[in-house]
$ cat structure30.cif   # mmCIF, C-alpha atoms
data_work
loop_
_atom_site.label_atom_id
_atom_site.label_comp_id
_atom_site.auth_asym_id
_atom_site.auth_seq_id
_atom_site.Cartn_x
_atom_site.Cartn_y
_atom_site.Cartn_z
CA MET H 1 -49.68 -13.96 -7.49
CA ARG H 2 -50.29 -16.58 -4.81
CA TYR H 3 -48.42 -16.97 -1.55
CA GLY H 4 -47.59 -19.51 1.12
CA PHE H 5 -45.77 -20.20 4.35
CA GLY H 6 -42.68 -22.30 4.98
CA ILE H 7 -42.14 -23.33 8.60
CA ASP H 8 -39.17 -25.10 10.18
CA LEU H 9 -40.08 -26.40 13.63
CA GLY H 10 -37.07 -26.90 15.89
CA GLY H 11 -36.60 -27.82 19.51
CA THR H 12 -35.75 -24.23 20.53
CA THR H 13 -37.25 -21.96 17.89
CA VAL H 14 -39.79 -22.08 15.09
CA LYS H 15 -38.62 -20.40 11.89
CA LEU H 16 -41.44 -19.02 9.75
CA ALA H 17 -41.33 -17.43 6.31
CA PHE H 18 -43.84 -16.01 3.85
CA PHE H 19 -43.16 -16.62 0.15
CA GLU H 20 -44.41 -15.60 -3.22
CA GLU H 21 -45.31 -18.54 -5.44
CA ASN H 22 -42.16 -17.97 -7.51
CA GLY H 23 -39.97 -18.67 -4.46
CA THR H 24 -39.24 -15.10 -3.40
CA CYS H 25 -39.06 -14.88 0.38
CA LEU H 26 -40.99 -11.78 1.44
CA SER H 27 -40.51 -12.07 5.18
CA LYS H 28 -39.07 -14.40 7.80
CA TRP H 29 -39.21 -14.43 11.58
CA GLU H 30 -38.96 -16.71 14.61
CA ILE H 31 -41.00 -17.62 17.65
CA SER H 32 -40.00 -19.73 20.65
CA THR H 33 -40.87 -23.41 20.74
CA ASP H 34 -42.98 -23.96 23.87
CA LYS H 35 -42.25 -27.56 24.88
CA THR H 36 -44.11 -27.40 28.19
CA ASP H 37 -47.02 -29.80 28.66
CA ASN H 38 -45.55 -32.10 25.99
CA GLY H 39 -45.59 -29.38 23.37
CA SER H 40 -49.37 -29.02 23.52
CA ARG H 41 -49.29 -25.33 22.54
CA ILE H 42 -46.75 -25.47 19.72
CA LEU H 43 -49.22 -25.70 16.84
CA SER H 44 -51.57 -23.09 18.32
CA ASP H 45 -48.61 -20.71 18.74
CA ILE H 46 -47.70 -21.25 15.09
CA ALA H 47 -51.30 -20.68 14.02
CA THR H 48 -51.44 -17.46 16.03
CA SER H 49 -48.27 -16.19 14.36
CA VAL H 50 -49.50 -17.11 10.87
CA THR H 51 -52.88 -15.47 11.45
CA ALA H 52 -51.27 -12.32 12.86
CA TYR H 53 -49.02 -12.04 9.80
CA LEU H 54 -51.96 -12.32 7.41
CA GLU H 55 -53.95 -9.71 9.31
CA GLU H 56 -51.07 -7.26 9.75
CA ASN H 57 -50.17 -7.45 6.06
CA GLN H 58 -53.77 -7.57 4.82
CA VAL H 59 -53.30 -10.83 2.94
CA CYS H 60 -56.49 -12.65 1.93
CA ARG H 61 -56.56 -16.36 2.81
CA GLU H 62 -57.85 -17.04 -0.69
CA ASP H 63 -54.47 -15.90 -2.03
CA VAL H 64 -52.55 -18.33 0.21
CA LEU H 65 -52.01 -21.75 -1.35
CA GLY H 66 -51.05 -23.36 1.96
CA ILE H 67 -48.46 -24.06 4.62
CA GLY H 68 -45.47 -26.40 4.57
CA ILE H 69 -43.95 -27.45 7.87
CA GLY H 70 -40.91 -29.55 8.79
CA VAL H 71 -40.75 -31.36 12.13
CA PRO H 72 -37.91 -33.23 13.92
CA GLY H 73 -39.32 -36.74 13.66
CA SER H 74 -40.58 -39.43 11.32
CA VAL H 75 -43.51 -38.41 9.13
CA ASP H 76 -45.65 -40.81 7.13
CA LEU H 77 -47.04 -40.36 3.62
CA TYR H 78 -50.02 -38.43 5.00
CA GLY H 79 -48.00 -35.99 7.09
CA VAL H 80 -48.76 -37.73 10.39
CA VAL H 81 -45.86 -37.41 12.83
CA PHE H 82 -44.64 -40.27 15.00
CA ASN H 83 -42.86 -39.74 18.28
CA CYS H 84 -41.11 -36.35 18.15
CA ILE H 85 -39.14 -36.91 21.36
CA ASN H 86 -37.56 -33.43 21.35
CA LEU H 87 -41.00 -31.83 21.31
CA GLY H 88 -42.78 -34.19 23.69
CA TRP H 89 -45.09 -35.42 20.94
CA GLY H 90 -46.32 -38.92 20.32
CA LYS H 91 -48.43 -39.57 17.23
CA LYS H 92 -49.76 -36.27 15.87
CA ASP H 93 -51.77 -35.44 12.76
CA VAL H 94 -50.07 -32.12 12.07
CA PRO H 95 -51.81 -31.35 8.73
CA ARG H 96 -55.25 -31.81 10.27
CA GLU H 97 -54.56 -29.97 13.53
CA LEU H 98 -52.68 -27.01 12.07
CA GLY H 99 -55.11 -26.88 9.15
CA ASP H 100 -58.06 -26.61 11.54
CA LEU H 101 -56.29 -23.86 13.49
CA THR H 102 -55.37 -21.75 10.44
CA GLY H 103 -58.03 -22.60 7.90
CA LEU H 104 -55.27 -23.34 5.37
CA PRO H 105 -54.06 -26.55 3.71
CA VAL H 106 -50.99 -27.97 5.45
CA ALA H 107 -48.26 -30.31 4.19
CA CYS H 108 -45.82 -31.83 6.68
CA GLY H 109 -42.43 -33.52 6.31
CA ASN H 110 -39.32 -34.45 8.26
CA ASP H 111 -37.10 -31.43 8.93
CA ALA H 112 -33.93 -32.91 7.41
CA THR H 113 -35.69 -34.00 4.23
CA MET H 114 -37.26 -30.56 3.98
CA ALA H 115 -33.79 -29.01 4.15
CA ALA H 116 -32.79 -31.37 1.33
CA LEU H 117 -35.73 -30.18 -0.75
CA GLY H 118 -34.74 -26.58 -0.06
CA GLU H 119 -31.16 -27.15 -1.24
CA CYS H 120 -32.54 -28.97 -4.28
CA TRP H 121 -34.79 -26.06 -5.19
CA GLN H 122 -32.84 -22.93 -4.27
CA GLY H 123 -29.42 -24.11 -3.08
CA ALA H 124 -26.45 -26.21 -4.13
CA GLY H 125 -28.38 -29.29 -5.22
CA ASN H 126 -30.53 -30.34 -8.13
CA GLU H 127 -33.35 -32.78 -8.84
CA ASN H 128 -31.20 -35.87 -8.19
CA MET H 129 -29.22 -35.35 -5.01
CA ILE H 130 -28.56 -36.45 -1.46
CA PHE H 131 -28.32 -33.90 1.32
CA VAL H 132 -26.10 -34.89 4.26
CA THR H 133 -26.27 -32.86 7.48
CA LEU H 134 -23.14 -33.19 9.60
CA GLY H 135 -23.93 -31.64 12.96
CA THR H 136 -24.43 -32.98 16.46
CA GLY H 137 -25.81 -35.99 14.64
CA VAL H 138 -25.89 -37.07 11.00
CA GLY H 139 -29.10 -36.75 9.03
CA GLY H 140 -30.13 -36.10 5.51
CA GLY H 141 -32.60 -36.31 2.72
CA ILE H 142 -32.83 -37.97 -0.68
CA VAL H 143 -34.30 -36.19 -3.69
CA CYS H 144 -35.04 -38.12 -6.89
CA ASP H 145 -36.51 -36.33 -9.90
CA GLY H 146 -37.28 -33.37 -7.66
CA LYS H 147 -39.29 -35.42 -5.16
CA ILE H 148 -38.36 -36.33 -1.61
CA VAL H 149 -37.91 -40.05 -0.95
CA ALA H 150 -39.63 -40.35 2.42
CA GLY H 151 -40.29 -44.09 2.48
CA VAL H 152 -43.31 -46.01 3.75
CA HIS H 153 -42.55 -45.25 7.41
CA GLY H 154 -41.13 -41.76 6.92
CA ALA H 155 -37.61 -43.03 7.59
CA GLY H 156 -36.21 -42.49 4.11
CA GLY H 157 -33.12 -40.35 4.49
CA GLU H 158 -32.18 -41.58 7.98
CA ILE H 159 -28.73 -42.08 6.55
CA GLY H 160 -26.93 -41.36 9.82
CA HIS H 161 -27.87 -44.85 10.94
CA ILE H 162 -26.15 -46.71 8.13
CA PRO H 163 -23.80 -49.10 9.98
CA LEU H 164 -20.12 -48.47 9.33
CA CYS H 165 -18.48 -50.38 12.19
CA PRO H 166 -21.05 -52.86 13.58
CA ASP H 167 -18.52 -54.34 16.02
CA ASP H 168 -18.25 -51.04 17.91
CA PRO H 169 -19.11 -51.83 21.56
CA ILE H 170 -20.47 -48.33 22.18
CA PRO H 171 -24.14 -48.07 21.17
CA CYS H 172 -25.55 -45.30 19.04
CA ASN H 173 -28.45 -43.22 20.39
CA CYS H 174 -30.72 -45.31 18.17
CA GLY H 175 -29.68 -48.49 20.02
CA LYS H 176 -27.65 -50.00 17.19
CA HIS H 177 -23.85 -50.17 17.07
CA GLY H 178 -21.42 -48.52 14.68
CA CYS H 179 -23.77 -46.06 12.97
CA ALA H 180 -22.29 -43.38 10.72
CA GLU H 181 -23.49 -40.76 13.19
CA GLN H 182 -21.06 -42.10 15.81
CA TYR H 183 -18.04 -41.11 13.68
CA LEU H 184 -19.01 -38.51 11.10
CA SER H 185 -20.91 -36.02 13.28
CA ALA H 186 -19.23 -33.15 15.11
CA THR H 187 -19.27 -35.29 18.25
CA GLY H 188 -18.02 -38.26 16.24
CA ILE H 189 -14.87 -36.54 15.02
CA VAL H 190 -14.15 -35.45 18.58
CA ARG H 191 -14.52 -39.07 19.63
CA LEU H 192 -11.97 -40.12 17.00
CA ALA H 193 -9.57 -37.48 18.30
CA ARG H 194 -9.97 -38.61 21.90
CA GLU H 195 -9.22 -42.17 20.88
CA ALA H 196 -6.06 -41.00 19.08
CA LEU H 197 -4.98 -38.92 22.07
CA SER H 198 -5.30 -41.96 24.33
CA LEU H 199 -2.58 -43.75 22.34
CA PRO H 200 1.15 -42.93 22.19
CA HIS H 201 1.62 -39.98 19.80
CA GLU H 202 3.80 -37.04 18.89
CA ALA H 203 3.16 -33.75 20.67
CA SER H 204 0.05 -32.10 19.25
CA VAL H 205 -1.79 -28.80 19.59
CA LEU H 206 -4.77 -30.99 20.53
CA ASP H 207 -3.04 -32.20 23.70
CA SER H 208 -4.51 -29.29 25.64
CA GLY H 209 -7.68 -27.26 25.41
CA GLU H 210 -11.23 -28.23 24.59
CA LEU H 211 -11.66 -30.47 21.59
CA SER H 212 -14.05 -29.50 18.81
CA ALA H 213 -14.51 -30.40 15.18
CA LYS H 214 -13.33 -26.91 14.19
CA ARG H 215 -10.10 -27.22 16.20
CA ILE H 216 -9.36 -30.60 14.65
CA PHE H 217 -9.87 -29.32 11.10
CA ASP H 218 -7.83 -26.19 11.84
CA ALA H 219 -5.00 -28.32 13.24
CA GLY H 220 -5.18 -30.53 10.17
CA ARG H 221 -4.71 -27.49 7.92
CA GLU H 222 -1.57 -26.70 9.90
CA LYS H 223 -0.27 -30.25 9.27
CA ASP H 224 -0.45 -31.27 12.93
CA THR H 225 0.51 -34.96 12.87
CA LEU H 226 -2.18 -36.23 15.22
CA ALA H 227 -4.92 -34.09 13.66
CA THR H 228 -3.88 -35.31 10.21
CA ALA H 229 -4.16 -38.93 11.37
CA VAL H 230 -7.61 -38.25 12.87
CA LEU H 231 -8.79 -36.63 9.64
CA ASP H 232 -7.41 -39.50 7.56
CA ARG H 233 -9.50 -41.90 9.66
CA TYR H 234 -12.50 -39.57 9.42
CA PHE H 235 -12.28 -39.27 5.64
CA GLU H 236 -11.86 -43.02 5.23
CA LEU H 237 -15.10 -43.59 7.13
CA MET H 238 -16.75 -40.71 5.27
CA GLY H 239 -15.74 -42.30 1.97
CA ARG H 240 -17.24 -45.63 2.98
CA PHE H 241 -20.45 -43.83 3.97
CA LEU H 242 -20.73 -41.66 0.85
CA GLY H 243 -19.75 -44.54 -1.40
CA THR H 244 -22.63 -46.57 0.04
CA LEU H 245 -25.02 -43.71 -0.67
CA CYS H 246 -23.75 -43.50 -4.26
CA CYS H 247 -24.31 -47.22 -4.81
CA THR H 248 -27.83 -46.99 -3.40
CA VAL H 249 -29.16 -43.85 -5.08
CA ASP H 250 -26.65 -42.92 -7.83
CA PRO H 251 -27.18 -39.15 -7.32
CA ASP H 252 -25.73 -36.40 -9.47
CA VAL H 253 -24.50 -34.52 -6.40
CA ILE H 254 -24.16 -35.02 -2.65
CA VAL H 255 -24.55 -31.75 -0.75
CA LEU H 256 -22.86 -31.50 2.64
CA GLY H 257 -24.46 -29.22 5.24
CA GLY H 258 -24.56 -28.79 9.00
CA GLY H 259 -21.93 -27.38 11.33
CA VAL H 260 -19.11 -29.66 10.18
CA SER H 261 -19.55 -28.44 6.60
CA LYS H 262 -18.22 -25.04 7.72
CA ALA H 263 -14.78 -26.67 7.49
CA GLY H 264 -15.14 -25.89 3.80
CA GLN H 265 -12.86 -27.07 1.04
CA ILE H 266 -10.75 -29.34 3.25
CA LEU H 267 -13.88 -31.43 3.83
CA LEU H 268 -14.65 -31.76 0.12
CA ASP H 269 -11.03 -32.48 -0.80
CA GLY H 270 -10.61 -35.05 1.94
CA ALA H 271 -13.85 -36.94 1.26
CA LEU H 272 -13.80 -37.11 -2.53
CA ALA H 273 -11.09 -39.73 -3.17
CA PRO H 274 -12.30 -42.15 -0.44
CA MET H 275 -15.86 -41.80 -1.75
CA GLN H 276 -14.72 -42.68 -5.26
CA LYS H 277 -12.78 -45.66 -3.88
CA TYR H 278 -15.88 -47.16 -2.27
CA ALA H 279 -18.46 -46.17 -4.88
CA PHE H 280 -19.61 -48.56 -7.61
CA ALA H 281 -17.71 -47.64 -10.78
CA PRO H 282 -20.56 -45.93 -12.71
CA CYS H 283 -21.26 -43.74 -9.63
CA ARG H 284 -17.74 -42.36 -9.25
CA THR H 285 -18.56 -39.17 -11.12
CA THR H 286 -20.94 -38.10 -8.32
CA ARG H 287 -20.05 -34.56 -7.28
CA LEU H 288 -19.61 -33.20 -3.76
CA ALA H 289 -20.76 -29.67 -2.88
CA LEU H 290 -21.24 -27.54 0.20
CA ALA H 291 -24.73 -26.39 1.15
CA THR H 292 -25.50 -22.73 0.43
CA LEU H 293 -28.80 -21.99 2.21
CA GLY H 294 -27.57 -22.51 5.77
CA ASN H 295 -30.37 -22.31 8.35
CA ASP H 296 -32.86 -21.20 5.69
CA ALA H 297 -32.86 -24.55 3.86
CA GLY H 298 -35.80 -25.81 5.92
CA ILE H 299 -38.12 -22.88 5.24
CA TYR H 300 -37.43 -23.04 1.51
CA GLY H 301 -37.96 -26.78 1.50
CA THR H 302 -41.23 -26.68 3.40
CA PHE H 303 -42.64 -24.01 1.13
CA LYS H 304 -41.58 -26.09 -1.88
CA LEU H 305 -43.45 -29.05 -0.36
CA ALA H 306 -46.57 -26.85 -0.09
CA LEU H 307 -46.11 -25.78 -3.71
CA GLN H 308 -45.87 -29.39 -4.83
CA LYS H 309 -49.03 -30.39 -2.96
CA PHE H 310 -51.24 -27.31 -3.35
CA GLY H 311 -49.73 -25.12 -6.05
#

$ encode --input "structure30.cif" --output "structure tokens"
Amino acid sequence: MRYGFGIDLGGTTVKLAFFEENGTCLSKWEISTDKTDNGSRILSDIATSVTAYLEENQVCREDVLGIGIGVPGSVDLYGVVFNCINLGWGKKDVPRELGDLTGLPVACGNDATMAALGECWQGAGNENMIFVTLGTGVGGGIVCDGKIVAGVHGAGGEIGHIPLCPDDPIPCNCGKHGCAEQYLSATGIVRLAREALSLPHEASVLDSGELSAKRIFDAGREKDTLATAVLDRYFELMGRFLGTLCCTVDPDVIVLGGGVSKAGQILLDGALAPMQKYAFAPCRTTRLALATLGNDAGIYGTFKLALQKFG
């Protein structure tokens, strides 16, 4: 039996896991992400944690096939990271640096695409899928024939920046206008609700209290008129977005993850018909599913990347 590490590097914590080659997770733990001094100690902290685990559990390095790591930024074909703003990194050769620190082979990918690979391997997806993360922003990953589509510049899967409403005067964080992220994220659905509340409307449970994606979905389940109108607008935009993805990739399944996906069945039911309306006819059988791995998708995906490269 051989082993390996899957690591999901986030802006607050680093999730680490140790796997058997067959995909069994033997242990998982977290360390803090030290972003001081432009994140100069992050990789050394990870290396220290990896080394300590091997020593404490008396694992020989010869039995470890390697490390997979996902980072919040664009990653090129060689695993070199470009401009991880949340970590304070500019260009960084993560495979070389972490490999030198641990003495193990290292494979590196974008965190969202690694989550996609995890759902493909051990979650709700399969070898031809798109993973859509609906959280504070909108991200994702594309898997074709079991392989991540990263693109030449590491930007494959940056689906949150597909333009839906280019005439929107409010810019997206990326600098463009009308990106999917501006409407389909948790903050996006709140924006749609605020716009609806600013217009004449029937009394709504959303008239008072703090707005959140959860409150809007809950109100929609209760047939609140304003919430229903907001969700109708949301699902129309979601359908346009998912239909575009279907036309581009023709996946077997689109897996929805992230905080908004906790809405559950109402999200699947609301998005399916608009997606089929906008999809090219042969793609209308694409299935929608909810992610099943939750916050563990990244560690499974990064270990799978290590398996693909070093196994």

$ atom_distance --input "structure30.cif" --atom1 "CA of Ile299 (chain H)" --atom2 "CA of Lys35 (chain H)"
20.6 Å

$ resolve_selection --input "structure30.cif" --expression "the PyMOL selection byres ((chain H and resi 241) around 8)" --output "PyMOL selection string"
chain H and resi 162+164+180+237-240+242-245+275

$ resolve_selection --input "structure30.cif" --expression "the PyMOL selection byres ((chain H and resi 122-133) around 6)" --output "list in words"
Ala116, Gly118, Glu119, Cys120, Trp121, Leu134, Val138, Gly139, Gly140, Gly141, Ile142, Val143, Cys144, Asp145, Gly146, Pro251, Asp252, Val253, Ile254, Val255, Leu256, Gly257, Gly258, Ala291, Thr292 and Leu293 of chain H

$ residues_near_point --input "structure30.cif" --point "(-40.7, -24.8, 18.0)" --cutoff "9 Å" --atoms "only C-alpha atoms" --output "count of residues only"
21

$ closest_residue --input "structure30.cif" --among "H:Ile170, H:Gly137, H:Ser44, H:Cys84" --to "Leu98 (chain H)" --atoms "only C-alpha atoms"
H:Ser44

$ residues_around --input "structure30.cif" --residues "Tyr183 (chain H)" --least-positions-apart "3" --cutoff "8 Å" --atoms "all atoms listed in the file" --output "ChimeraX atom specification"
/H:179-180,187-189,191-192,234,237

$ write_last_selection --input "structure30.cif" --atoms "C-alpha atoms" --output "mmCIF file, in the frame of the given file"
data_model
loop_
_atom_site.group_PDB
_atom_site.id
_atom_site.type_symbol
_atom_site.label_atom_id
_atom_site.label_comp_id
_atom_site.auth_asym_id
_atom_site.auth_seq_id
_atom_site.Cartn_x
_atom_site.Cartn_y
_atom_site.Cartn_z
ATOM 1 C CA CYS H 179 -23.770 -46.060 12.970
ATOM 2 C CA ALA H 180 -22.290 -43.380 10.720
ATOM 3 C CA THR H 187 -19.270 -35.290 18.250
ATOM 4 C CA GLY H 188 -18.020 -38.260 16.240
ATOM 5 C CA ILE H 189 -14.870 -36.540 15.020
ATOM 6 C CA ARG H 191 -14.520 -39.070 19.630
ATOM 7 C CA LEU H 192 -11.970 -40.120 17.000
ATOM 8 C CA TYR H 234 -12.500 -39.570 9.420
ATOM 9 C CA LEU H 237 -15.100 -43.590 7.130
#

$ atom_distance --input "structure30.cif" --atom1 "CA of Lys28 (chain H)" --atom2 "CA of Leu16 (chain H)"
5.5 Å

$ closest_residue --input "structure30.cif" --among "H:Thr24, H:Ser185, H:Thr302, H:Thr102" --to "Arg61 (chain H)" --atoms "all atoms listed in the file"
H:Thr102

$ atom_distance --input "structure30.cif" --atom1 "CA of Arg2 (chain H)" --atom2 "CA of Asp63 (chain H)"
5.1 Å

$ closest_residue --input "structure30.cif" --among "H:Val149, H:Ala219, H:Gly294, H:Thr225" --to "Ala203 (chain H)" --atoms "only C-alpha atoms"
H:Thr225

$ resolve_selection --input "structure30.cif" --expression "the PyMOL selection byres ((chain H and resi 163) around 10)" --output "ChimeraX atom specification"
/H:159-162,164-168,172,176-182,241

$ write_last_selection --input "structure30.cif" --atoms "C-alpha atoms" --output "PDB file, in the coordinates of the input"
ATOM      1  CA  ILE H 159     -28.730 -42.080   6.550  1.00  0.00           C
ATOM      2  CA  GLY H 160     -26.930 -41.360   9.820  1.00  0.00           C
ATOM      3  CA  HIS H 161     -27.870 -44.850  10.940  1.00  0.00           C
ATOM      4  CA  ILE H 162     -26.150 -46.710   8.130  1.00  0.00           C
ATOM      5  CA  LEU H 164     -20.120 -48.470   9.330  1.00  0.00           C
ATOM      6  CA  CYS H 165     -18.480 -50.380  12.190  1.00  0.00           C
ATOM      7  CA  PRO H 166     -21.050 -52.860  13.580  1.00  0.00           C
ATOM      8  CA  ASP H 167     -18.520 -54.340  16.020  1.00  0.00           C
ATOM      9  CA  ASP H 168     -18.250 -51.040  17.910  1.00  0.00           C
ATOM     10  CA  CYS H 172     -25.550 -45.300  19.040  1.00  0.00           C
ATOM     11  CA  LYS H 176     -27.650 -50.000  17.190  1.00  0.00           C
ATOM     12  CA  HIS H 177     -23.850 -50.170  17.070  1.00  0.00           C
ATOM     13  CA  GLY H 178     -21.420 -48.520  14.680  1.00  0.00           C
ATOM     14  CA  CYS H 179     -23.770 -46.060  12.970  1.00  0.00           C
ATOM     15  CA  ALA H 180     -22.290 -43.380  10.720  1.00  0.00           C
ATOM     16  CA  GLU H 181     -23.490 -40.760  13.190  1.00  0.00           C
ATOM     17  CA  GLN H 182     -21.060 -42.100  15.810  1.00  0.00           C
ATOM     18  CA  PHE H 241     -20.450 -43.830   3.970  1.00  0.00           C
TER      19      PHE H 241
END

$ residues_around --input "structure30.cif" --residues "Ser208 (chain H)" --least-positions-apart "5" --cutoff "12 Å" --atoms "only C-alpha atoms" --output "PDB file with C-alpha atoms, in the coordinates of the input"
ATOM      1  CA  ARG H 194      -9.970 -38.610  21.900  1.00  0.00           C
ATOM      2  CA  LEU H 197      -4.980 -38.920  22.070  1.00  0.00           C
ATOM      3  CA  ALA H 203       3.160 -33.750  20.670  1.00  0.00           C
ATOM      4  CA  ARG H 215     -10.100 -27.220  16.200  1.00  0.00           C
TER       5      ARG H 215
END

$ closest_residue --input "structure30.cif" --among "H:Ser40, H:Ser27, H:Thr48, H:Asn110" --to "Trp89 (chain H)" --atoms "all atoms listed in the file"
H:Ser40

$ closest_residue --input "structure30.cif" --among "H:Leu211, H:Val75, H:Ile67, H:Val50" --to "Lys91 (chain H)" --atoms "all atoms listed in the file"
H:Val75

$ closest_residue --input "structure30.cif" --among "H:Thr136, H:Asn38, H:Gln58, H:Ser49" --to "Lys92 (chain H)" --atoms "all atoms listed in the file"
H:Asn38

$ residues_around --input "structure30.cif" --residues "region 228-230 of chain H" --least-positions-apart "5" --cutoff "9 Å" --atoms "all atoms listed in the file" --output "list in words"
Ile189, Leu192, Ala193, Ala196, Ile216, Phe217, Ala219, Gly220, Arg221, Glu222, Lys223 and Phe235 of chain H
